Amino acid sequence: MATSTYNLIASQIVGSGGASSITFSSIPQTYTDLLLKMSTADSRSTPSVSDILVNFNGTGVGTNVSANYFYGNGSSVTGTTGTQIAFGDGSQGSIFGNSEVYIANYTSSNYKPYSSDSIAEINSTAGYQLLIAGLWSSTAAITSISLTPYSSPFGQYSTFYLYGIKNS
Amino acid sequence: MADVVDINCETKEVTTRPQTAEEIAAAEAAAAQAAADKAVADAAEKAKADAKAAAIAKLTALGLTADEVAALTA
């Protein structure tokens, strides 16, 4: 019998009150990699490279996180650096953006690289794309991931899915 | 203030609670840093656009046609 290599660990849909942050805690240490899929919106007027901030293991928002970006708006591309993990937000709480974040070897004692691709589309008036190459400079295994929007809260119906990837 | 949501991946239990004062302060500090990052990115993008406009103006002043400038800058 084939072994599943792609399993849903946990998921969350934000309720009517919104959420100031989303945390996946007690992440099982039985996988090789983690994959986070998000569809989110918050209250800011335009998306940017800084809409969702990450906190690994409760060590602090952006602590030991470094990221290199390519940020496009449909007419130009900008490269920059920062401490954010993804954007993926839309605008005005009702327009959603999508993001995927892949974290490799999250249980290893080496620093943890991650990649992220995100888009936000503003009802055909604007579109944004973001690619991130990031690194969490810690030797600790990742046991929790907290996500905080740039301008709280995550809007109702924002969704978060955390998957575990096995190499066998 | 919207709640903090925690999903325990082992038990699947979801807990919600209000933000603490520390968490609010940390979020505000992070937002300020993010705004600073955004300002740097915006400034870099504007500088790039300004440099391109200046280059086009100089090429035009040298006598290049609009099509020739476009061919160089596309």
# chains A, B, ... in the order shown; residues from 1 in each chain; ligands from 1
>>> interface_residues(of="chain A", to="chain B", cutoff="7 Å", atoms="only C-alpha atoms", output="list in words")
Ile9, Ala10, Gly17, Gly18, Ala19, Ser20, Ser21, Ile22, Thr23, Phe24, Ser25, Ser26, Ile27, Pro28, Val49, Ser50, Val61, Thr78, Thr80, Gly82, Tyr150 and Pro153 of chain A
>>> closest_residue(among="A:Ser43, A:Thr5, A:Gln156, A:Ser76", to="Ala74 in chain B", atoms="only C-alpha atoms")
A:Ser76
>>> atom_distance(atom1="CA of Val77 in chain A", atom2="CA of Leu130 in chain A")
9.4 Å
>>> closest_residue(among="A:Gly97, A:Pro113, A:Gly155, A:Gly127", to="Ser39 in chain A", atoms="only C-alpha atoms")
A:Gly97
>>> closest_residue(among="A:Ala104, A:Ala126, A:Leu8, A:Ala120", to="Ala86 in chain A", atoms="only C-alpha atoms")
A:Ala120
>>> select_by_dssp(residues="range 22-163 of chain A", states="strand (DSSP E)", output="compact mmCIF listing (two decimals) with N, CA and C atoms, in the first residue's frame")
# COMPACT_ATOMS: atom_id res chain seq x y z
N ILE A 22 -2.66 34.09 13.84
CA ILE A 22 -2.95 32.66 13.72
C ILE A 22 -1.67 31.91 14.09
N THR A 23 -1.81 30.96 15.00
CA THR A 23 -0.65 30.17 15.42
C THR A 23 -0.92 28.69 15.23
N PHE A 24 -0.02 28.02 14.57
CA PHE A 24 -0.01 26.56 14.55
C PHE A 24 1.02 26.11 15.59
N SER A 25 0.56 25.49 16.65
CA SER A 25 1.46 25.07 17.72
C SER A 25 1.54 23.56 17.78
N ASP A 33 9.30 18.20 5.49
CA ASP A 33 9.10 19.61 5.17
C ASP A 33 7.69 20.03 5.58
N LEU A 34 7.48 21.35 5.61
CA LEU A 34 6.15 21.91 5.87
C LEU A 34 5.71 22.75 4.68
N LEU A 35 4.41 22.70 4.41
CA LEU A 35 3.83 23.54 3.36
C LEU A 35 2.63 24.27 3.95
N LEU A 36 2.65 25.58 3.85
CA LEU A 36 1.57 26.40 4.39
C LEU A 36 0.85 27.08 3.24
N LYS A 37 -0.43 26.88 3.17
CA LYS A 37 -1.25 27.52 2.12
C LYS A 37 -2.22 28.47 2.80
N MET A 38 -2.31 29.69 2.27
CA MET A 38 -3.13 30.71 2.91
C MET A 38 -3.94 31.46 1.86
N SER A 39 -5.15 31.80 2.25
CA SER A 39 -5.96 32.75 1.50
C SER A 39 -6.42 33.78 2.51
N THR A 40 -5.94 35.00 2.37
CA THR A 40 -6.12 35.97 3.46
C THR A 40 -6.51 37.34 2.93
N ILE A 52 2.12 39.99 5.89
CA ILE A 52 2.04 38.92 6.88
C ILE A 52 3.43 38.73 7.50
N LEU A 53 3.48 38.83 8.80
CA LEU A 53 4.74 38.70 9.53
C LEU A 53 4.78 37.35 10.22
N VAL A 54 5.97 36.79 10.39
CA VAL A 54 6.10 35.45 10.94
C VAL A 54 6.86 35.46 12.26
N ASN A 55 6.47 34.54 13.11
CA ASN A 55 7.13 34.34 14.39
C ASN A 55 7.28 32.83 14.57
N PHE A 56 8.52 32.34 14.47
CA PHE A 56 8.77 30.91 14.66
C PHE A 56 9.01 30.62 16.14
N VAL A 65 14.69 36.19 11.33
CA VAL A 65 14.15 35.95 10.00
C VAL A 65 14.75 36.97 9.04
N SER A 66 15.27 36.48 7.93
CA SER A 66 15.75 37.38 6.88
C SER A 66 15.15 36.91 5.57
N ALA A 67 14.81 37.86 4.71
CA ALA A 67 14.15 37.49 3.47
C ALA A 67 14.59 38.41 2.35
N ASN A 68 14.74 37.82 1.18
CA ASN A 68 15.01 38.60 -0.03
C ASN A 68 13.81 38.49 -0.94
N TYR A 69 13.40 39.61 -1.51
CA TYR A 69 12.16 39.67 -2.26
C TYR A 69 12.37 40.02 -3.72
N PHE A 70 11.46 39.54 -4.52
CA PHE A 70 11.14 40.15 -5.80
C PHE A 70 9.67 40.53 -5.71
N TYR A 71 9.39 41.79 -5.87
CA TYR A 71 8.04 42.31 -5.70
C TYR A 71 7.62 42.97 -7.00
N GLY A 72 6.58 42.46 -7.61
CA GLY A 72 6.11 43.02 -8.87
C GLY A 72 4.70 43.56 -8.76
N VAL A 77 9.43 45.62 -11.29
CA VAL A 77 9.84 44.65 -10.27
C VAL A 77 10.87 45.31 -9.37
N THR A 78 10.71 45.11 -8.08
CA THR A 78 11.63 45.68 -7.11
C THR A 78 12.20 44.57 -6.25
N GLY A 79 13.50 44.62 -6.02
CA GLY A 79 14.13 43.69 -5.10
C GLY A 79 14.40 44.38 -3.79
N THR A 80 14.16 43.71 -2.69
CA THR A 80 14.40 44.32 -1.39
C THR A 80 14.58 43.22 -0.35
N THR A 81 14.81 43.62 0.87
CA THR A 81 14.97 42.66 1.96
C THR A 81 14.04 43.04 3.10
N GLY A 82 13.79 42.09 4.00
CA GLY A 82 12.92 42.38 5.13
C GLY A 82 12.77 41.17 6.01
N GLN A 84 9.60 39.66 6.59
CA GLN A 84 8.26 39.12 6.44
C GLN A 84 8.31 37.78 5.71
N ILE A 85 7.29 37.00 5.92
CA ILE A 85 7.29 35.69 5.29
C ILE A 85 6.49 35.68 4.00
N ALA A 86 5.46 36.45 3.90
CA ALA A 86 4.60 36.40 2.73
C ALA A 86 3.69 37.60 2.73
N GLY A 97 -6.02 37.41 -1.11
CA GLY A 97 -4.82 37.06 -1.84
C GLY A 97 -4.36 35.67 -1.41
N ASN A 98 -3.56 35.02 -2.24
CA ASN A 98 -3.12 33.66 -1.98
C ASN A 98 -1.62 33.61 -1.74
N SER A 99 -1.23 32.71 -0.87
CA SER A 99 0.20 32.52 -0.60
C SER A 99 0.49 31.05 -0.34
N GLU A 100 1.68 30.64 -0.74
CA GLU A 100 2.20 29.34 -0.36
C GLU A 100 3.60 29.53 0.21
N VAL A 101 3.85 28.86 1.30
CA VAL A 101 5.17 28.94 1.93
C VAL A 101 5.69 27.52 2.12
N TYR A 102 6.89 27.24 1.64
CA TYR A 102 7.48 25.91 1.77
C TYR A 102 8.70 26.01 2.67
N ILE A 103 8.67 25.25 3.75
CA ILE A 103 9.77 25.27 4.72
C ILE A 103 10.42 23.89 4.71
N LYS A 112 16.89 27.23 8.79
CA LYS A 112 15.75 26.76 7.99
C LYS A 112 15.45 27.71 6.84
N PRO A 113 15.72 27.28 5.63
CA PRO A 113 15.34 28.10 4.47
C PRO A 113 13.86 27.92 4.16
N TYR A 114 13.28 28.94 3.57
CA TYR A 114 11.90 28.79 3.09
C TYR A 114 11.72 29.58 1.82
N SER A 115 10.73 29.18 1.05
CA SER A 115 10.37 29.93 -0.14
C SER A 115 8.90 30.29 -0.04
N SER A 116 8.54 31.40 -0.65
CA SER A 116 7.16 31.85 -0.59
C SER A 116 6.78 32.50 -1.90
N ASP A 117 5.61 32.16 -2.40
CA ASP A 117 5.07 32.89 -3.54
C ASP A 117 3.67 33.35 -3.22
N SER A 118 3.36 34.56 -3.58
CA SER A 118 2.11 35.19 -3.17
C SER A 118 1.59 36.08 -4.28
N ILE A 119 0.30 36.23 -4.28
CA ILE A 119 -0.32 37.19 -5.19
C ILE A 119 -1.43 37.93 -4.47
N ALA A 120 -1.73 39.12 -4.93
CA ALA A 120 -2.91 39.85 -4.48
C ALA A 120 -3.50 40.54 -5.69
N GLU A 121 -4.79 40.45 -5.81
CA GLU A 121 -5.46 41.04 -6.96
C GLU A 121 -6.60 41.91 -6.44
N GLY A 127 -2.68 44.38 -9.55
CA GLY A 127 -2.24 43.02 -9.23
C GLY A 127 -0.82 43.05 -8.73
N TYR A 128 -0.53 42.22 -7.77
CA TYR A 128 0.79 42.23 -7.16
C TYR A 128 1.28 40.79 -7.05
N GLN A 129 2.59 40.63 -7.20
CA GLN A 129 3.20 39.31 -7.08
C GLN A 129 4.44 39.45 -6.19
N LEU A 130 4.68 38.40 -5.43
CA LEU A 130 5.83 38.44 -4.53
C LEU A 130 6.49 37.07 -4.47
N LEU A 131 7.79 37.04 -4.68
CA LEU A 131 8.58 35.83 -4.48
C LEU A 131 9.57 36.12 -3.35
N ILE A 132 9.68 35.21 -2.43
CA ILE A 132 10.58 35.41 -1.30
C ILE A 132 11.50 34.20 -1.16
N ALA A 133 12.78 34.49 -0.96
CA ALA A 133 13.73 33.49 -0.49
C ALA A 133 14.09 33.89 0.93
N GLY A 134 13.71 33.05 1.90
CA GLY A 134 13.87 33.45 3.29
C GLY A 134 14.68 32.44 4.09
N LEU A 135 15.06 32.88 5.27
CA LEU A 135 15.85 32.02 6.16
C LEU A 135 15.50 32.33 7.60
N TRP A 136 15.23 31.29 8.37
CA TRP A 136 15.13 31.45 9.82
C TRP A 136 16.44 30.96 10.41
N ILE A 145 4.37 28.07 14.43
CA ILE A 145 4.44 29.16 13.46
C ILE A 145 3.28 30.11 13.73
N SER A 146 3.61 31.37 14.00
CA SER A 146 2.56 32.38 14.19
C SER A 146 2.60 33.36 13.03
N LEU A 147 1.44 33.73 12.57
CA LEU A 147 1.32 34.65 11.44
C LEU A 147 0.50 35.86 11.87
N THR A 148 1.06 37.03 11.66
CA THR A 148 0.39 38.27 12.07
C THR A 148 0.27 39.18 10.86
N PRO A 149 -0.92 39.66 10.57
CA PRO A 149 -1.05 40.56 9.42
C PRO A 149 -0.46 41.93 9.73
N THR A 159 -8.29 31.73 5.25
CA THR A 159 -8.07 30.30 5.51
C THR A 159 -6.57 29.99 5.58
N PHE A 160 -6.26 29.01 6.42
CA PHE A 160 -4.87 28.60 6.64
C PHE A 160 -4.81 27.07 6.67
N TYR A 161 -3.94 26.50 5.87
CA TYR A 161 -3.78 25.05 5.83
C TYR A 161 -2.30 24.72 5.98
N LEU A 162 -1.99 23.90 6.96
CA LEU A 162 -0.61 23.48 7.18
C LEU A 162 -0.48 22.00 6.82
N TYR A 163 0.41 21.71 5.88
CA TYR A 163 0.62 20.34 5.43
C TYR A 163 2.02 19.87 5.83
>>> atom_distance(atom1="CA of Ala71 in chain B", atom2="CA of Gly74 in chain A")
19.8 Å
>>> residues_around(residues="Tyr31 in chain A", least_positions_apart="6", cutoff="9 Å", atoms="only C-alpha atoms", output="PyMOL selection string")
chain A and resi 5+105-107+164-167
